[in-house]
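A.B. asks: Next up is a structure, given as structure tokens.
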Amino acid sequence: MKTRIIKIGNSQGVRIPKLYLRQSGLGEEVELESHNGEIVIRSSGHPRHGWAQAFKTMAENGDDKLLDEESLNQSSWDETEWQW
């Protein structure tokens, strides 16, 4: 499909037909990249998608324990009141 670049305020843009947006699954937020004379538009995705379920599964399996419990132990240096 051929289209034109249009002025949008101080920027320029391309109108993307609704059908193309629906077929591509793009949401309100996208990532843009420029490569070899082309502009690539891709979904920004969800970087933490699935984390809640993964943490829940870890807790159910008892795999959510702190590995470095010694780091929680306070020394006398931590407990001493500092002089300013």
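Ligands are numbered from 1 in the order shown, residues from 1 within each chain, and chains are lettered A, B, ... in the order they appear in the structure tokens.
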Using backbone DSSP assignments, extract all strand (DSSP E or B) residues from chain A; output them as a list in words.
C.D. replies: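 Result set for chain A (strand (DSSP E or B)): Ile5, Ile6, Lys7, Ile8, Ser11, Gln12, Gly13, Val14, Val30, Glu31, Leu32, Glu33, Ser34, His35, Glu38, Ile39, Val40, Ile41, Arg42 and Ser43 of chain A.
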A.B. asks: Could you tell me, as a ChimeraX atom specification, which residues of chain A DSSP assigns to helix (DSSP H, G or I) when given the backbone?
C.D. replies: /A:18-24,51-60,69-72,76-79
A.B. asks: Quick one: everything within 8 Å of Glu29 of chain A, counting only C-alpha atoms, minus sequence neighbours fewer than 3 positions away in the same chain. Send it as a PDB file with C-alpha atoms, in the first residue's frame.
C.D. replies:
```pdb
ATOM      1  CA  LEU A  26      -0.227  -3.178  17.563  1.00  0.00           C
ATOM      2  CA  SER A  43       4.765  -3.803  19.319  1.00  0.00           C
ATOM      3  CA  SER A  44       6.548  -2.678  22.464  1.00  0.00           C
TER       4      SER A  44
END
```
A.B. asks: Determine, counting only C-alpha atoms, which protein, DNA and RNA residues have an atom within 12 Å of an atom of segment 46-51 of chain A; residues of the same chain fewer than 6 positions away are not included. Present the result as a ChimeraX atom specification.
C.D. replies: /A:27,29-31,57-58
A.B. asks: Take the residues just selected and output them with C-alpha atoms as an mmCIF file, in the first residue's frame.
C.D. replies:
```cif
data_model
loop_
_atom_site.group_PDB
_atom_site.id
_atom_site.type_symbol
_atom_site.label_atom_id
_atom_site.label_comp_id
_atom_site.auth_asym_id
_atom_site.auth_seq_id
_atom_site.Cartn_x
_atom_site.Cartn_y
_atom_site.Cartn_z
ATOM 1 C CA GLY A 27 -1.404 -1.320 20.663
ATOM 2 C CA GLU A 29 2.670 1.977 22.438
ATOM 3 C CA VAL A 30 5.122 0.813 19.760
ATOM 4 C CA GLU A 31 8.871 0.675 19.178
ATOM 5 C CA THR A 57 4.453 -20.894 40.863
ATOM 6 C CA MET A 58 7.781 -20.320 42.634
#
```
A.B. asks: Give me, please, the distance in Å between atom CA of Ile39 of chain A and atom CA of Ile8 of chain A, quoted to one decimal.
C.D. replies: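 For atom CA of Ile39 of chain A relative to atom CA of Ile8 of chain A, the distance reads 17.5 Å.
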A.B. asks: Could you tell me which of A:Asn36, A:Met1, A:Trp82, A:Ala59 comes closest to Tyr20 of chain A if we count only C-alpha atoms?
C.D. replies: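 For Tyr20 of chain A, the nearest of the given residues is A:Met1.
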A.B. asks: Find the spatial neighbours of segment 13-18 of chain A, counting only C-alpha atoms, within a cut-off of 8 Å - ignore same-chain residues fewer than 5 positions away - and output them as a list in words.
C.D. replies: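 My list of contacting residues is Thr3, Arg4, Ile5, Ile6, Lys7 and Ile8 of chain A.
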